[in-house]
Structure formats: C-alpha cells, structure tokens
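Working notes, structure below.
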Amino acid sequence: MTQSFPGQRLVTDGESNGRAGRPVVVIGAGPYGLSVAAHLRAAGVPVRIFGEVMGSWRHAMATGMFLKSTPDATDLSAPEPGGRLADFRRVHGEPELTELTPIPCDVFVRYGQWFQKRYVGEVESTRVTGVDRTGNGPGFVVRLAGGEALAAGAVVVATGLNGLAHIPEELRRLAPEGPGQASPVSHTSHHTDLSRYAGRRIAVIGGGQSALESAALLHEAGAEVRVLVREGQVRWGVTPDLSRPRMRRLAQPASPLGTGWVLAAVCRAPGGVRRLPAAARLLLHRRALGPSGGWWLRDRVEGVVPVHTSCRVARAEVTPERAVRLELAVPGSGSPDTLTVDHVLAATGYRIDLDALPFLSLAFRRALVRVPGSNAPQLSGSFESAVRGLYFTGSLAAPVFGPMMRFVAGTGYAATRITRDALRWSIPRSS
C-alpha cells in the first residue's frame, strides 16, 4: 500500500507517452535516482526505477539527525515548477525553512516520498542482482532478485553511498566477521538508533559532521563518549548571515556548498571541473570540503563531549573481557596513550569504488574506464561511462564533476544532462 500525500499528482506508467521500446532502468531511489526518473518520465521515456524510496536516509542515519545543507541546497530536481522543498512545506501547511533552520532528516525523507508520488510514480523495491550487455547491439539485460530478467535501453546507476562505507583496516580487524551494531566496531551508516549504547563507553573516530553529531546523540542518550580526531582542531561552520553587505557578497559569493569563489565556481560549472586534469579533480574532490561540523551543532559538542585532536588509532584489539583497547599515537608523546571502550563507532567516511557494486560482474567492471588514480568511473559530459548507455550519477560521479555531486544540489545538473542523452536509447530500433 502506498501513502497518500496532500497535493500529490500520482504519475503512472501510462504517462510515458510518445515513446515505446526498452525502458531506461534507474538503480537507486534516493535524491539522484528520483530526480533522473522524474525528468525521464516527463520526456516521455519509459522508466523502471528500483530501490527503496529515500532508503539510505531512512536506514543509514540515526534518529534525531539533521541535514548539514541549507534549504536552498536541498531541492530535488523536478521537470516543472512546484517540486521544491519549500513547495512541499507549503502544500502541507508547514512553515518555510530558512538558512537558520536546520532540516531534520525525517522532514527530508517525507519530502522525497512526496516528490516520488508527484513526479516519479511506481518505484520497485526488488533488488537488482545483475547488469549485463545484450548479446548483440546496444542495450542491457537487468536481472532482479525475484528471477525476472528485463531488457533495458540504458541503465542509470544512482546508488549513492550504499556499500561504500570505509572503515580503516586497523579497526576493521576488530570484527573478522564484519562490522556492525553487535560487533566491537561499526560505521555510522549502520545505525538508525544510537540509544542502544546508553550507559556504555564509546569511542567515535572522525572529525566531520557525522562524527560530531553522532557523539552528541550518544551523549544525549546517556553514553560515555570520546571523539578522536586526526586533525589538529575541529572545524565548525559559520552561522549564516541573512543580510550580508553587498561588498561581502561580491568578495565571498554564496553557493549551495558555502561561501567563497572556489565553491561558487565548482557549483556553477561542474562541466568545467570535468575538464581539469584527473589529479586536480581528485585533489578538489578530497579537499574542497574538509571535515567540519554544522554551526548549529557546536553548542551540543564543545565543552560537553571530550574531543581529542591530533591523535590517531595506532593499534586496536579486543580484550578478553570483550572490550576494545585502543593505542593512540599522539604527536610529541613518548609512547602511545591507551583508551578502553565498549564499542568503536567509525565516522570515517566513504570510498568511491566500482568494485563494491555487487550487481556489476567482474567482466563488466573491467570494461569500465576509471579516473586515473582512483576507482571511480570516467564519465562523459552527459555522465555516460565507457560502456555506452551506462550512466553514473550522484557521489559516484563526484571524482569527475566535483564535490557538488556529493550533495542534493547537484541533482538538477545531472538529471537534465542524463535525460537529454538517454533519449536516444529508448527509441525502438527499426525492424
């Protein structure tokens, strides 16, 4: 049963008028998958989209978390006016959000579900288990967990960060059977409820938003928390100024990712980023937005949760009592400090890795050209890979198009270009 939302316009497959033939298959139903599917449907292209609507936002973020992005940088891309977050809030009689209003994740999830009903239509929750080329000519065979195999004119991979969570090897060795909630170490993406750790000693590894917000939630749930940060200090965002003077706006132009000319440039011209040398793009991908905490989170962490900077985990082991003993390398210290905790929460980010996509066979992955120095797909200006008709978007495209693809703000740029190019694959071949 699907949920009904006020103001929705339910899209059906019958609205894919004007074109017939093999559908475009979209894998992933997060902000990028939904935006691409919405634009394809509006262009009359038959689409089948697989995934759980806003699945990562529902299952890979702890209850009580907020988005770091501002409302203006949180709009999915609709093919017509009326699909912005502000429109969703207005339809539901909810007050408009400003830059001074952190957005709860559950609000964003409801917005995504509303957007799906209004612009996308049916999303199939069946898992995609395989994508292969057809035996003759362009096109793909897409295999599903239920045993169905369907022909597709093109495939768009919009799986976000699913399966890409990174845990350093030193910590991963704590859990030979795999990290998770019940093991000595887990990743922040493994949790929807951190209250399970109330009364326990937790070490949070990392200095970005995920680490700092998780630490705040753990502390507020009654856990004994320490945050371990490699950098020399914790960086915090600046409280937005809604009335910046004109000269200040010229000196530091605003962008969906923050203020400053560099961020403004990469947001306004992702295609220009793509034309940079690979080494420069990867440097930009890694450093344009370093780890930091949202301005609204600072009061919940500073002076409340112990944060240890300039330290890293040199060695980790599980004790006979099933606790975790961490040896910490601290510059200037004659010997490593030690810390014993009940659980380690790794807020250590994600790694773009084509080999982590289980639905792509080894032979298929070998046909993909990768960005030199990385395991990310090399893409054309329309997000097409070296395999014709196969597109990658969202975080998987960030090493090519820049950091905006790591955020919802990039959905419009990606969806319009993929749709324009993918039109050619949905037209049936003449007999």
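Residues in the structure tokens are numbered from 1 in each chain, the chains being A, B, ... in the order shown, and ligands are numbered from 1 in the order shown.
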
For the interface of region 33-101 of chain A with region 147-162 of chain A (cut-off 9 Å, counting only C-alpha atoms), please tabulate each contacting residue of region 33-101 of chain A alongside its nearest pair of atoms and their separation in Å to one decimal, rows sorted by chain and increasing number, as a tab-separated table.
```
residue	atom	partner	partner_atom	distance
A:Gly33	CA	A:Ala158	CA	5.2
A:Leu34	CA	A:Ala158	CA	8.9
A:Val36	CA	A:Val156	CA	8.4
A:Gly51	CA	A:Thr159	CA	8.5
A:Ser56	CA	A:Asn162	CA	7.3
A:Ala60	CA	A:Asn162	CA	9.0
```

Take the residues that were just selected and, keeping all heavy atoms, output them as a PDB file, in the first residue's frame.
```
ATOM      1  N   GLY A  33      18.407   9.304  -8.022  1.00  0.00           N
ATOM      2  CA  GLY A  33      17.584   8.377  -8.786  1.00  0.00           C
ATOM      3  C   GLY A  33      16.194   8.920  -9.041  1.00  0.00           C
ATOM      4  O   GLY A  33      15.668   8.825 -10.161  1.00  0.00           O
ATOM      5  N   LEU A  34      15.585   9.517  -8.026  1.00  0.00           N
ATOM      6  CA  LEU A  34      14.242  10.080  -8.191  1.00  0.00           C
ATOM      7  C   LEU A  34      14.260  11.250  -9.169  1.00  0.00           C
ATOM      8  O   LEU A  34      13.345  11.394 -10.001  1.00  0.00           O
ATOM      9  CB  LEU A  34      13.699  10.539  -6.836  1.00  0.00           C
ATOM     10  CG  LEU A  34      13.396   9.434  -5.818  1.00  0.00           C
ATOM     11  CD1 LEU A  34      12.986  10.042  -4.474  1.00  0.00           C
ATOM     12  CD2 LEU A  34      12.308   8.487  -6.319  1.00  0.00           C
ATOM     13  N   VAL A  36      16.412  11.867 -11.685  1.00  0.00           N
ATOM     14  CA  VAL A  36      16.614  11.383 -13.052  1.00  0.00           C
ATOM     15  C   VAL A  36      15.338  10.740 -13.580  1.00  0.00           C
ATOM     16  O   VAL A  36      14.907  11.005 -14.712  1.00  0.00           O
ATOM     17  CB  VAL A  36      17.783  10.380 -13.100  1.00  0.00           C
ATOM     18  CG1 VAL A  36      17.846   9.692 -14.459  1.00  0.00           C
ATOM     19  CG2 VAL A  36      19.105  11.076 -12.803  1.00  0.00           C
ATOM     20  N   GLY A  51      14.662   0.254  -6.069  1.00  0.00           N
ATOM     21  CA  GLY A  51      15.270   0.688  -4.819  1.00  0.00           C
ATOM     22  C   GLY A  51      14.203   1.002  -3.796  1.00  0.00           C
ATOM     23  O   GLY A  51      13.009   0.912  -4.073  1.00  0.00           O
ATOM     24  N   SER A  56      18.554   5.165   2.021  1.00  0.00           N
ATOM     25  CA  SER A  56      19.724   5.487   2.840  1.00  0.00           C
ATOM     26  C   SER A  56      19.390   6.517   3.902  1.00  0.00           C
ATOM     27  O   SER A  56      19.905   6.466   5.025  1.00  0.00           O
ATOM     28  CB  SER A  56      20.866   6.007   1.951  1.00  0.00           C
ATOM     29  OG  SER A  56      21.346   4.988   1.110  1.00  0.00           O
ATOM     30  N   ALA A  60      20.303   4.619   7.129  1.00  0.00           N
ATOM     31  CA  ALA A  60      21.736   4.799   7.355  1.00  0.00           C
ATOM     32  C   ALA A  60      22.045   6.075   8.113  1.00  0.00           C
ATOM     33  O   ALA A  60      23.178   6.560   8.098  1.00  0.00           O
ATOM     34  CB  ALA A  60      22.485   4.793   6.020  1.00  0.00           C
TER      35      ALA A  60
END
```

Excluding region 302-312 of chain A and its own-chain neighbours fewer than 3 positions away, which residues fall within 8 Å of it when counting only C-alpha atoms? Please give them as a list in words.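 Near region 302-312 of chain A, the qualifying residues are Ala215, Ala216, His219, Val225, Arg226, Val227, Leu228, Val229, Arg230, Glu231, Gly232, Gln233, Val234, Arg298, Asp299, Leu328, Ala329, Val330 and Pro331 of chain A.
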
Please, could you write that set of residues out with N, CA and C atoms as an mmCIF file, in the first residue's frame?
```cif
data_model
loop_
_atom_site.group_PDB
_atom_site.id
_atom_site.type_symbol
_atom_site.label_atom_id
_atom_site.label_comp_id
_atom_site.auth_asym_id
_atom_site.auth_seq_id
_atom_site.Cartn_x
_atom_site.Cartn_y
_atom_site.Cartn_z
ATOM 1 N N ALA A 215 28.295 11.815 18.129
ATOM 2 C CA ALA A 215 28.777 11.965 19.505
ATOM 3 C C ALA A 215 27.763 12.711 20.357
ATOM 4 N N ALA A 216 27.170 13.753 19.789
ATOM 5 C CA ALA A 216 26.158 14.499 20.539
ATOM 6 C C ALA A 216 24.953 13.620 20.861
ATOM 7 N N HIS A 219 25.887 11.055 23.574
ATOM 8 C CA HIS A 219 25.942 11.696 24.890
ATOM 9 C C HIS A 219 24.545 11.967 25.427
ATOM 10 N N VAL A 225 31.064 9.135 25.988
ATOM 11 C CA VAL A 225 31.609 9.284 24.636
ATOM 12 C C VAL A 225 32.931 10.044 24.649
ATOM 13 N N ARG A 226 33.831 9.620 23.775
ATOM 14 C CA ARG A 226 35.038 10.375 23.449
ATOM 15 C C ARG A 226 35.188 10.402 21.934
ATOM 16 N N VAL A 227 35.572 11.562 21.414
ATOM 17 C CA VAL A 227 35.773 11.719 19.975
ATOM 18 C C VAL A 227 37.269 11.827 19.710
ATOM 19 N N LEU A 228 37.761 11.020 18.767
ATOM 20 C CA LEU A 228 39.175 11.005 18.403
ATOM 21 C C LEU A 228 39.333 11.570 16.999
ATOM 22 N N VAL A 229 40.085 12.664 16.879
ATOM 23 C CA VAL A 229 40.202 13.409 15.626
ATOM 24 C C VAL A 229 41.663 13.462 15.202
ATOM 25 N N ARG A 230 41.936 13.115 13.958
ATOM 26 C CA ARG A 230 43.313 13.161 13.442
ATOM 27 C C ARG A 230 43.813 14.590 13.279
ATOM 28 N N GLU A 231 42.932 15.502 12.886
ATOM 29 C CA GLU A 231 43.334 16.877 12.632
ATOM 30 C C GLU A 231 43.675 17.603 13.938
ATOM 31 N N GLY A 232 44.368 18.732 13.783
ATOM 32 C CA GLY A 232 44.787 19.480 14.960
ATOM 33 C C GLY A 232 43.675 20.246 15.637
ATOM 34 N N GLN A 233 42.559 20.437 14.939
ATOM 35 C CA GLN A 233 41.425 21.130 15.536
ATOM 36 C C GLN A 233 40.137 20.705 14.845
ATOM 37 N N VAL A 234 39.035 20.946 15.515
ATOM 38 C CA VAL A 234 37.718 20.690 14.927
ATOM 39 C C VAL A 234 37.251 21.962 14.240
ATOM 40 N N ARG A 298 27.473 23.029 17.323
ATOM 41 C CA ARG A 298 28.635 23.347 18.155
ATOM 42 C C ARG A 298 28.313 23.329 19.651
ATOM 43 N N ASP A 299 27.199 23.926 20.038
ATOM 44 C CA ASP A 299 26.851 24.009 21.462
ATOM 45 C C ASP A 299 26.558 22.651 22.083
ATOM 46 N N LEU A 328 46.671 5.012 21.072
ATOM 47 C CA LEU A 328 46.557 6.262 20.333
ATOM 48 C C LEU A 328 47.920 6.895 20.150
ATOM 49 N N ALA A 329 48.271 7.176 18.915
ATOM 50 C CA ALA A 329 49.519 7.872 18.613
ATOM 51 C C ALA A 329 49.261 9.367 18.683
ATOM 52 N N VAL A 330 49.958 10.028 19.609
ATOM 53 C CA VAL A 330 49.796 11.469 19.807
ATOM 54 C C VAL A 330 51.136 12.139 19.556
ATOM 55 N N PRO A 331 51.219 13.101 18.622
ATOM 56 C CA PRO A 331 52.496 13.762 18.340
ATOM 57 C C PRO A 331 53.095 14.369 19.606
#
```

With distances taken over only C-alpha atoms, the candidate from A:Val318, A:Leu284, A:Met61, A:Ala367 nearest Ala175 (chain A) is A:Val318

List the spatial neighbours of region 74-83 of chain A as a list in words - criterion: any atom at most 7 Å away, only C-alpha atoms, same-chain residues fewer than 3 positions off excluded.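 In the requested form, the answer reads Pro31, Ser35, Ala38, His39, Ala42, Ser69, Thr70, Pro71, Asp87, Phe88, Phe115, Val408, Ala409, Thr411 and Gly412 of chain A.
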
Since we have the selection now, will you write its residues out, keeping C-alpha atoms, as a PDB file, in the first residue's frame?
```pdb
ATOM      1  CA  PRO A  31      17.555  12.127  -4.482  1.00  0.00           C
ATOM      2  CA  SER A  35      15.340  13.256  -9.991  1.00  0.00           C
ATOM      3  CA  ALA A  38      11.254  12.330 -12.921  1.00  0.00           C
ATOM      4  CA  HIS A  39      12.975  14.018 -15.868  1.00  0.00           C
ATOM      5  CA  ALA A  42       8.472  13.991 -18.229  1.00  0.00           C
ATOM      6  CA  SER A  69      22.754  21.555   3.849  1.00  0.00           C
ATOM      7  CA  THR A  70      20.629  24.683   3.824  1.00  0.00           C
ATOM      8  CA  PRO A  71      17.046  24.614   2.433  1.00  0.00           C
ATOM      9  CA  ASP A  87       6.621  23.759  -2.154  1.00  0.00           C
ATOM     10  CA  PHE A  88       6.351  20.560  -0.118  1.00  0.00           C
ATOM     11  CA  PHE A 115       8.335  14.072  -4.703  1.00  0.00           C
ATOM     12  CA  VAL A 408      21.417  17.099  -3.336  1.00  0.00           C
ATOM     13  CA  ALA A 409      22.234  20.412  -5.015  1.00  0.00           C
ATOM     14  CA  THR A 411      20.549  16.691  -8.946  1.00  0.00           C
ATOM     15  CA  GLY A 412      19.412  19.283 -11.476  1.00  0.00           C
TER      16      GLY A 412
END
```

Would you mind reading off the distance between CA of Arg172 (chain A) and CA of Arg196 (chain A), one decimal, in Å?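 According to the coordinates, CA of Arg172 (chain A) and CA of Arg196 (chain A) are separated by 21.2 Å.
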
Polymer residues at most 12 Å from Thr239 (chain A), only C-alpha atoms, same-chain spacing of 6 or more positions, as an MDAnalysis selection string: chainID A and resid 70 99:102 258:259 293:298

Could you dump the residues just selected with N, CA, C and O atoms as a PDB file, in the first residue's frame?
```
ATOM      1  N   THR A  70      21.674  23.690   3.619  1.00  0.00           N
ATOM      2  CA  THR A  70      20.629  24.683   3.824  1.00  0.00           C
ATOM      3  C   THR A  70      19.422  24.350   2.948  1.00  0.00           C
ATOM      4  O   THR A  70      19.537  23.583   1.984  1.00  0.00           O
ATOM      5  N   GLU A  99      17.833  29.555   6.248  1.00  0.00           N
ATOM      6  CA  GLU A  99      19.202  29.103   6.485  1.00  0.00           C
ATOM      7  C   GLU A  99      19.489  28.930   7.973  1.00  0.00           C
ATOM      8  O   GLU A  99      20.449  28.253   8.355  1.00  0.00           O
ATOM      9  N   LEU A 100      18.674  29.547   8.806  1.00  0.00           N
ATOM     10  CA  LEU A 100      18.854  29.450  10.252  1.00  0.00           C
ATOM     11  C   LEU A 100      18.022  28.325  10.848  1.00  0.00           C
ATOM     12  O   LEU A 100      17.905  28.215  12.073  1.00  0.00           O
ATOM     13  N   THR A 101      17.434  27.487   9.993  1.00  0.00           N
ATOM     14  CA  THR A 101      16.605  26.369  10.452  1.00  0.00           C
ATOM     15  C   THR A 101      17.208  25.054   9.982  1.00  0.00           C
ATOM     16  O   THR A 101      17.033  24.665   8.824  1.00  0.00           O
ATOM     17  N   PRO A 102      17.953  24.344  10.830  1.00  0.00           N
ATOM     18  CA  PRO A 102      18.456  23.025  10.422  1.00  0.00           C
ATOM     19  C   PRO A 102      17.302  22.105  10.026  1.00  0.00           C
ATOM     20  O   PRO A 102      16.234  22.112  10.660  1.00  0.00           O
ATOM     21  N   GLY A 258      28.457  26.557   0.298  1.00  0.00           N
ATOM     22  CA  GLY A 258      29.066  27.518   1.206  1.00  0.00           C
ATOM     23  C   GLY A 258      29.508  28.756   0.454  1.00  0.00           C
ATOM     24  O   GLY A 258      29.224  28.930  -0.736  1.00  0.00           O
ATOM     25  N   THR A 259      30.217  29.650   1.143  1.00  0.00           N
ATOM     26  CA  THR A 259      30.659  30.894   0.520  1.00  0.00           C
ATOM     27  C   THR A 259      32.110  30.786   0.064  1.00  0.00           C
ATOM     28  O   THR A 259      32.895  30.012   0.597  1.00  0.00           O
ATOM     29  N   GLY A 293      31.871  20.508  11.364  1.00  0.00           N
ATOM     30  CA  GLY A 293      30.554  20.349  11.974  1.00  0.00           C
ATOM     31  C   GLY A 293      29.660  21.533  11.667  1.00  0.00           C
ATOM     32  O   GLY A 293      30.148  22.656  11.466  1.00  0.00           O
ATOM     33  N   GLY A 294      28.360  21.299  11.597  1.00  0.00           N
ATOM     34  CA  GLY A 294      27.412  22.377  11.364  1.00  0.00           C
ATOM     35  C   GLY A 294      27.433  23.391  12.501  1.00  0.00           C
ATOM     36  O   GLY A 294      27.621  23.046  13.673  1.00  0.00           O
ATOM     37  N   TRP A 295      27.218  24.651  12.143  1.00  0.00           N
ATOM     38  CA  TRP A 295      27.266  25.724  13.150  1.00  0.00           C
ATOM     39  C   TRP A 295      26.274  25.497  14.280  1.00  0.00           C
ATOM     40  O   TRP A 295      26.536  25.787  15.438  1.00  0.00           O
ATOM     41  N   TRP A 296      25.127  24.900  13.965  1.00  0.00           N
ATOM     42  CA  TRP A 296      24.066  24.691  14.946  1.00  0.00           C
ATOM     43  C   TRP A 296      24.366  23.538  15.902  1.00  0.00           C
ATOM     44  O   TRP A 296      23.697  23.360  16.916  1.00  0.00           O
ATOM     45  N   LEU A 297      25.408  22.750  15.589  1.00  0.00           N
ATOM     46  CA  LEU A 297      25.757  21.589  16.409  1.00  0.00           C
ATOM     47  C   LEU A 297      26.796  21.927  17.477  1.00  0.00           C
ATOM     48  O   LEU A 297      26.941  21.202  18.458  1.00  0.00           O
ATOM     49  N   ARG A 298      27.473  23.029  17.323  1.00  0.00           N
ATOM     50  CA  ARG A 298      28.635  23.347  18.155  1.00  0.00           C
ATOM     51  C   ARG A 298      28.313  23.329  19.651  1.00  0.00           C
ATOM     52  O   ARG A 298      29.079  22.775  20.455  1.00  0.00           O
TER      53      ARG A 298
END
```

Residues of region 230-275 of chain A in helix (DSSP H, G or I) according to DSSP, as a ChimeraX atom specification? /A:246-251,261-268,270-274

With DSSP run on the backbone, what are the strand (DSSP E) residues within region 112-217 of chain A? I'd like them as number ranges by chain. A: 128-133, 140-144, 149-152, 154-157, 185-187, 201-205

Arg248 (chain A): which residues within 12 Å, counting only C-alpha atoms, same-chain residues fewer than 4 positions away excluded, as a PyMOL selection string? chain A and resi 241+243-244+252-254+259-261

I need the chosen residues saved as a PDB file, in the first residue's frame, with C-alpha atoms.
```
ATOM      1  CA  ASP A 241      24.146  35.939   7.861  1.00  0.00           C
ATOM      2  CA  SER A 243      21.697  40.185   5.305  1.00  0.00           C
ATOM      3  CA  ARG A 244      25.310  40.153   4.133  1.00  0.00           C
ATOM      4  CA  GLN A 252      32.650  35.777  -0.944  1.00  0.00           C
ATOM      5  CA  PRO A 253      29.825  34.711  -3.282  1.00  0.00           C
ATOM      6  CA  ALA A 254      27.308  32.245  -1.928  1.00  0.00           C
ATOM      7  CA  THR A 259      30.659  30.894   0.520  1.00  0.00           C
ATOM      8  CA  GLY A 260      33.805  31.635  -1.472  1.00  0.00           C
ATOM      9  CA  TRP A 261      34.916  31.736  -5.089  1.00  0.00           C
TER      10      TRP A 261
END
```

Counting only C-alpha atoms, which residues of region 245-310 of chain A fall within 12 Å of region 380-386 of chain A, and what is the closest atom pair for each with its distance in Å at one decimal, ordered by chain and rising number, as CSV?
```
residue,atom,partner,partner_atom,distance
A:Ala269,CA,A:Gly381,CA,11.5
A:Pro270,CA,A:Gly381,CA,9.3
A:Gly271,CA,A:Gly381,CA,6.6
A:Gly272,CA,A:Gly381,CA,9.7
A:Val273,CA,A:Gly381,CA,10.5
A:Arg274,CA,A:Gly381,CA,7.6
A:Arg275,CA,A:Gly381,CA,9.2
```

Which residues are close to Ala288 (chain A), i.e. within 12 Å by only C-alpha atoms, leaving aside same-chain residues fewer than 6 positions away? Reply as a PyMOL selection string. chain A and resi 257-267+280-282+398-399+402-404+406

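Considering the residues A:Ser214, A:Ser374, A:Ser255, A:Thr319 and counting only C-alpha atoms, Gly410 (chain A) has its shortest atom-to-atom contact with A:Ser255.
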
Which of A:Ile352, A:Ala414, A:Val120, A:Leu345 sits closest to Val45 (chain A) [using only C-alpha atoms]: A:Val120

Given only C-alpha atoms as the counted atoms, nearest of A:Gly44, A:Gly130, A:Gly146, A:Pro320 to Arg365 (chain A):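 Under the stated criterion, the closest residue is A:Gly130.
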
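CA of Glu317 (chain A) to CA of Glu213 (chain A) spans 25.8 Å [interatomic distance, one decimal].
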